[in-house]
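Following: one structure in structure tokens, then a few remarks.
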Amino acid sequence: MSTVKTNAMRMLDSQEISYDVAEYEYDEKDLSGIHAAHAIGFEPEKVFKTLVARGDKTGILVFCIPVNQELDLKKAAVLSGNKKIEMIAVKELLGITGYIRGGCSPIGMKKKYPTYIDETAELFDVIAVSAGTRGKQIIISPLKLISFVSAEKADIVKDS
């Protein structure tokens with residue numbers, strides 16, 4: 001099956017950054033990262049969802065966290081120099097990032113936003129992030145991803 005290249009994949013190709021692609025059947029009723037993880041045969045802690053939030057001081061921020069975790073808004077606010085942050089509305093996602101819900105990638109957004117990735121990414125040789133469309137995940141070295149999107153590693157998930 002030949003993979004149609006997404007913008008995120010073309011950007012990685014242009015920098016000669018190696019990655020693999022995992023494709024899966026997505027379900028409009030279940031766009032969860034857990035579903036994506038099961039569909040590609042990855043443990044949920046190795047599949048990272050991309051969340052977009054707005055800080056009261058800094059504006060748009062991007063967070064990548066394992067699909068089985070929740071973003072800790074307090075930690076994220078402190079880290080990003082905000083008093084408070086809130087998730088953007090789903091209807092704003094396409095206009096801000098160029099991506100739709102269930103297909104939001106940290107790679108290749110319309111603008112370069114401050115990006116934070118949960119520090120657990122470094123525990124793995126590879127992690128999966130959205131390729132920029134539903135039903136496609138990019139499998140990539142977390143170090144290559146962090147470097148490419150100029151992300152800051154941090155503890156940004158809620159403590160269990």
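If you're wondering about the labels, chains in the structure tokens are A, B, ... by order shown, residues count from 1 in each chain, ligands from 1 in order shown.
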
Query - Distance query Met11 of chain A at most 9 Å, only C-alpha atoms, self and fewer than 6 positions along chain excluded, as a PyMOL selection string - result: chain A and resi 17+107-108

Requested in this report: Could you give me, as a list in words, the residues within 6 Å of segment 22-33 of chain A, counting only C-alpha atoms and dropping anything in the same chain fewer than 4 positions from it?
Outcome: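 Skipping anything fewer than 4 positions along the chain leaves Ala39, Val67, Gly102, Gly135, Lys136 and Gln137 of chain A.
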
Mind dumping the selected residues with C-alpha atoms as an mmCIF file, in the first residue's frame?
data_model
loop_
_atom_site.group_PDB
_atom_site.id
_atom_site.type_symbol
_atom_site.label_atom_id
_atom_site.label_comp_id
_atom_site.auth_asym_id
_atom_site.auth_seq_id
_atom_site.Cartn_x
_atom_site.Cartn_y
_atom_site.Cartn_z
ATOM 1 C CA ALA A 39 -4.644 -0.157 15.975
ATOM 2 C CA VAL A 67 -2.365 9.098 24.922
ATOM 3 C CA GLY A 102 -7.686 13.248 15.433
ATOM 4 C CA GLY A 135 -5.404 6.997 10.391
ATOM 5 C CA LYS A 136 -1.677 7.697 10.021
ATOM 6 C CA GLN A 137 1.031 7.792 12.668
#

Mind dumping a table of every segment 61-100 of chain A residue within 7 Å of segment 43-55 of chain A, with the nearest atom pair and its distance in Å to one decimal, using only C-alpha atoms, sorted by chain and rising number, as a Markdown table?
| residue | atom | partner | partner_atom | distance |
| --- | --- | --- | --- | --- |
| A:Leu61 | CA | A:Ala53 | CA | 5.2 |
| A:Val62 | CA | A:Val52 | CA | 4.7 |
| A:Phe63 | CA | A:Leu51 | CA | 5.1 |
| A:Cys64 | CA | A:Thr50 | CA | 4.6 |
| A:Ile65 | CA | A:Phe48 | CA | 5.0 |
| A:Pro66 | CA | A:Phe48 | CA | 4.3 |
| A:Val67 | CA | A:Phe48 | CA | 5.4 |
| A:Asn68 | CA | A:Pro44 | CA | 5.7 |
| A:Asn82 | CA | A:Gly55 | CA | 5.7 |
| A:Lys84 | CA | A:Gly55 | CA | 6.0 |
| A:Ile85 | CA | A:Gly55 | CA | 4.2 |
| A:Glu86 | CA | A:Ala53 | CA | 5.4 |
| A:Met87 | CA | A:Ala53 | CA | 4.1 |
| A:Ile88 | CA | A:Ala53 | CA | 5.1 |

Report task. Using backbone DSSP assignments, extract all strand (DSSP E) residues from segment 54-144 of chain A; output them as number ranges by chain. Result -> A: 54-55, 59-66, 85-87, 115-118, 127-130, 136-140

Query raised in the report: Hey, which of A:Ile100, A:Val157, A:Leu123, A:Met9 ends up closest to Leu79 of chain A? Count only C-alpha atoms.
Result: A:Val157

Residue neighbourhood Lys111 of chain A, 10 Å, only C-alpha atoms, exclusion window fewer than 3 positions, as a CSV table (one decimal) with N, CA and C atoms, in the first residue's frame:
chain,number,residue,atom,x,y,z
A,60,ILE,N,-0.7,30.8,21.8
A,60,ILE,CA,-0.8,29.4,21.4
A,60,ILE,C,0.4,28.6,21.9
A,96,ILE,N,-5.9,27.4,13.4
A,96,ILE,CA,-4.7,27.7,14.1
A,96,ILE,C,-3.5,26.8,13.6
A,97,THR,N,-3.8,25.5,13.5
A,97,THR,CA,-2.8,24.5,13.2
A,97,THR,C,-2.7,24.0,11.8
A,98,GLY,N,-3.8,24.1,11.1
A,98,GLY,CA,-3.9,23.5,9.7
A,98,GLY,C,-4.3,22.0,9.8
A,108,GLY,N,4.8,20.5,11.3
A,108,GLY,CA,4.2,21.2,10.2
A,108,GLY,C,3.0,22.0,10.4
A,114,PRO,N,5.5,27.5,20.5
A,114,PRO,CA,6.2,26.9,21.6
A,114,PRO,C,5.7,25.5,21.8

Query raised in the report: Got a sec: who's within 12 Å of Arg10 of chain A, counting only C-alpha atoms, leaving out chain neighbours fewer than 3 positions off, as a VMD selection string?
Result: chain A and resid 3 to 7 13 to 19 107 to 108 131 to 132 138

Can I get the selected residues back with N, CA and C atoms, as a compact mmCIF listing (two decimals), in the first residue's frame?
# COMPACT_ATOMS: atom_id res chain seq x y z
N THR A 3 1.82 4.94 0.57
CA THR A 3 1.38 5.96 1.50
C THR A 3 1.38 7.32 0.83
N VAL A 4 0.25 7.99 0.92
CA VAL A 4 0.20 9.37 0.46
C VAL A 4 0.94 10.20 1.50
N LYS A 5 1.89 10.99 1.05
CA LYS A 5 2.71 11.78 1.98
C LYS A 5 1.89 12.95 2.54
N THR A 6 1.98 13.12 3.82
CA THR A 6 1.37 14.28 4.45
C THR A 6 2.41 15.40 4.51
N ASN A 7 1.96 16.60 4.81
CA ASN A 7 2.88 17.72 4.94
C ASN A 7 3.96 17.42 5.99
N ASP A 13 11.10 14.47 5.41
CA ASP A 13 11.88 14.05 4.23
C ASP A 13 12.85 15.15 3.80
N SER A 14 12.39 16.39 3.83
CA SER A 14 13.22 17.51 3.35
C SER A 14 14.47 17.67 4.22
N GLN A 15 14.39 17.24 5.46
CA GLN A 15 15.55 17.32 6.36
C GLN A 15 16.28 15.97 6.49
N GLU A 16 15.84 15.01 5.67
CA GLU A 16 16.41 13.65 5.68
C GLU A 16 16.37 13.02 7.06
N ILE A 17 15.23 13.21 7.73
CA ILE A 17 15.03 12.60 9.05
C ILE A 17 14.25 11.30 8.85
N SER A 18 14.83 10.21 9.36
CA SER A 18 14.20 8.91 9.14
C SER A 18 13.01 8.70 10.07
N TYR A 19 11.99 8.04 9.54
CA TYR A 19 10.78 7.71 10.28
C TYR A 19 10.07 6.58 9.56
N ILE A 107 4.33 18.34 13.97
CA ILE A 107 5.21 18.67 12.84
C ILE A 107 4.38 19.38 11.77
N GLY A 108 4.85 20.54 11.35
CA GLY A 108 4.24 21.18 10.19
C GLY A 108 2.97 21.97 10.44
N ALA A 131 0.60 11.77 11.90
CA ALA A 131 1.27 12.18 10.67
C ALA A 131 0.58 13.39 10.04
N GLY A 132 -0.46 13.89 10.71
CA GLY A 132 -1.15 15.07 10.20
C GLY A 132 -2.46 14.76 9.51
N ILE A 138 3.25 8.74 12.55
CA ILE A 138 4.68 8.75 12.24
C ILE A 138 5.40 8.08 13.42

Query raised in the report: Out of chain A, which residues get helix (DSSP H, G or I) from DSSP, as a ChimeraX atom specification?
Result: /A:7-14,33-40,44-46,73-80,90-97,119-123,142-148

Would you save the residues of that selection, restricted to N, CA and C atoms, as a short mmCIF file (atom, residue, chain, number, x, y, z; two decimals), in the first residue's frame?
data_model
loop_
_atom_site.label_atom_id
_atom_site.label_comp_id
_atom_site.auth_asym_id
_atom_site.auth_seq_id
_atom_site.Cartn_x
_atom_site.Cartn_y
_atom_site.Cartn_z
N ASN A 7 1.96 16.60 4.81
CA ASN A 7 2.88 17.72 4.94
C ASN A 7 3.96 17.42 5.99
N ALA A 8 3.54 16.82 7.11
CA ALA A 8 4.50 16.48 8.18
C ALA A 8 5.58 15.52 7.64
N MET A 9 5.16 14.53 6.85
CA MET A 9 6.12 13.57 6.29
C MET A 9 7.07 14.26 5.30
N ARG A 10 6.52 15.15 4.47
CA ARG A 10 7.37 15.87 3.50
C ARG A 10 8.40 16.74 4.22
N MET A 11 7.99 17.35 5.33
CA MET A 11 8.94 18.18 6.09
C MET A 11 10.08 17.34 6.66
N LEU A 12 9.76 16.16 7.18
CA LEU A 12 10.82 15.27 7.69
C LEU A 12 11.73 14.82 6.54
N ASP A 13 11.10 14.47 5.41
CA ASP A 13 11.88 14.05 4.23
C ASP A 13 12.85 15.15 3.80
N SER A 14 12.39 16.39 3.83
CA SER A 14 13.22 17.51 3.35
C SER A 14 14.47 17.67 4.22
N GLY A 33 -6.56 8.52 21.14
CA GLY A 33 -5.21 8.02 20.96
C GLY A 33 -5.06 6.57 21.38
N ILE A 34 -5.88 6.17 22.36
CA ILE A 34 -5.85 4.76 22.81
C ILE A 34 -6.24 3.85 21.64
N HIS A 35 -7.28 4.26 20.90
CA HIS A 35 -7.70 3.50 19.72
C HIS A 35 -6.55 3.42 18.71
N ALA A 36 -5.89 4.56 18.47
CA ALA A 36 -4.77 4.59 17.52
C ALA A 36 -3.65 3.66 17.99
N ALA A 37 -3.34 3.71 19.29
CA ALA A 37 -2.27 2.86 19.84
C ALA A 37 -2.58 1.38 19.61
N HIS A 38 -3.80 0.97 19.95
CA HIS A 38 -4.18 -0.44 19.74
C HIS A 38 -4.12 -0.80 18.26
N ALA A 39 -4.58 0.11 17.41
CA ALA A 39 -4.64 -0.16 15.98
C ALA A 39 -3.26 -0.37 15.36
N ILE A 40 -2.24 0.32 15.90
CA ILE A 40 -0.88 0.15 15.33
C ILE A 40 -0.03 -0.80 16.17
N PRO A 44 0.11 2.33 24.80
CA PRO A 44 -0.36 3.72 24.83
C PRO A 44 0.70 4.72 25.31
N GLU A 45 1.60 4.30 26.19
CA GLU A 45 2.61 5.26 26.67
C GLU A 45 3.64 5.64 25.59
N LYS A 46 3.64 4.92 24.45
CA LYS A 46 4.57 5.23 23.35
C LYS A 46 3.90 6.02 22.23
N LEU A 73 -2.67 21.18 33.49
CA LEU A 73 -2.72 22.59 33.06
C LEU A 73 -1.90 23.50 33.97
N LYS A 74 -1.83 23.18 35.27
CA LYS A 74 -1.04 24.00 36.20
C LYS A 74 0.45 23.89 35.88
N LYS A 75 0.93 22.65 35.73
CA LYS A 75 2.35 22.45 35.39
C LYS A 75 2.67 23.13 34.05
N ALA A 76 1.76 22.96 33.09
CA ALA A 76 1.98 23.52 31.75
C ALA A 76 2.03 25.05 31.79
N ALA A 77 1.17 25.65 32.62
CA ALA A 77 1.14 27.11 32.73
C ALA A 77 2.45 27.63 33.32
N VAL A 78 2.88 27.02 34.42
CA VAL A 78 4.13 27.43 35.07
C VAL A 78 5.30 27.29 34.09
N LEU A 79 5.38 26.16 33.43
CA LEU A 79 6.46 25.86 32.50
C LEU A 79 6.53 26.90 31.37
N SER A 80 5.36 27.29 30.87
CA SER A 80 5.32 28.17 29.69
C SER A 80 5.25 29.65 30.04
N VAL A 90 -12.25 22.93 19.71
CA VAL A 90 -12.02 22.08 18.54
C VAL A 90 -12.25 22.87 17.25
N LYS A 91 -13.25 23.75 17.25
CA LYS A 91 -13.55 24.51 16.02
C LYS A 91 -12.42 25.47 15.63
N GLU A 92 -11.52 25.79 16.57
CA GLU A 92 -10.39 26.68 16.27
C GLU A 92 -9.18 25.91 15.72
N LEU A 93 -9.17 24.60 15.91
CA LEU A 93 -7.97 23.80 15.64
C LEU A 93 -7.46 23.94 14.21
N LEU A 94 -8.33 23.78 13.23
CA LEU A 94 -7.91 23.83 11.83
C LEU A 94 -7.32 25.19 11.48
N GLY A 95 -7.98 26.27 11.90
CA GLY A 95 -7.51 27.61 11.59
C GLY A 95 -6.15 27.92 12.20
N ILE A 96 -5.91 27.42 13.40
CA ILE A 96 -4.66 27.70 14.11
C ILE A 96 -3.52 26.80 13.65
N THR A 97 -3.83 25.50 13.47
CA THR A 97 -2.75 24.53 13.20
C THR A 97 -2.69 24.05 11.76
N GLU A 119 8.44 14.40 29.21
CA GLU A 119 9.79 13.84 29.37
C GLU A 119 9.84 12.32 29.23
N THR A 120 8.70 11.63 29.37
CA THR A 120 8.71 10.16 29.24
C THR A 120 9.03 9.72 27.82
N ALA A 121 8.92 10.62 26.84
CA ALA A 121 9.22 10.27 25.44
C ALA A 121 10.63 9.67 25.32
N GLU A 122 11.55 10.21 26.13
CA GLU A 122 12.95 9.77 26.04
C GLU A 122 13.18 8.35 26.55
N LEU A 123 12.17 7.77 27.18
CA LEU A 123 12.32 6.40 27.68
C LEU A 123 12.29 5.37 26.55
N PRO A 142 12.27 9.82 19.50
CA PRO A 142 11.83 11.01 20.23
C PRO A 142 12.88 12.13 20.19
N LEU A 143 14.15 11.75 20.19
CA LEU A 143 15.21 12.77 20.15
C LEU A 143 15.18 13.54 18.82
N LYS A 144 14.93 12.82 17.72
CA LYS A 144 14.83 13.48 16.42
C LYS A 144 13.62 14.40 16.37
N LEU A 145 12.50 13.93 16.93
CA LEU A 145 11.28 14.75 16.95
C LEU A 145 11.50 16.01 17.79
N ILE A 146 12.04 15.85 18.99
CA ILE A 146 12.28 16.98 19.89
C ILE A 146 13.17 18.02 19.21
N SER A 147 14.20 17.55 18.56
CA SER A 147 15.12 18.44 17.86
C SER A 147 14.41 19.14 16.69
N PHE A 148 13.67 18.38 15.89
CA PHE A 148 13.04 18.93 14.69
C PHE A 148 12.01 20.01 15.01
#

Query raised in the report: Between A:Ser160, A:Thr58, A:Gln69, A:Ser150, which is the closest to Lys112 of chain A once you count only C-alpha atoms?
Result: A:Ser150

Query - Nearest residue to Tyr113 of chain A from the set A:Ala151, A:Lys57, A:Tyr99, A:Leu71 (distances using only C-alpha atoms) - result: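 Using only C-alpha atoms, Tyr113 of chain A sits closest to A:Ala151.
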
Query - atom CA of Ala89 of chain A to atom CA of Val21 of chain A, distance in Å rounded to a single decimal - result: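 Separation between atom CA of Ala89 of chain A and atom CA of Val21 of chain A: 28.3 Å.
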
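The space between atom CA of Asp155 of chain A and atom CA of Tyr116 of chain A spans 9.2 Å.
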
**Report entry** Two-atom distance - atom CA of Asp118 of chain A, atom CA of Ala154 of chain A (Å)
**Finding:**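 Spanning atom CA of Asp118 of chain A to atom CA of Ala154 of chain A is a straight-line distance of 5.2 Å.
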
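Between Ser141 of chain A and the residues A:Ile156, A:Cys104, A:Met109, A:Val129, the shortest atom-to-atom distance, using only C-alpha atoms, involves A:Val129.
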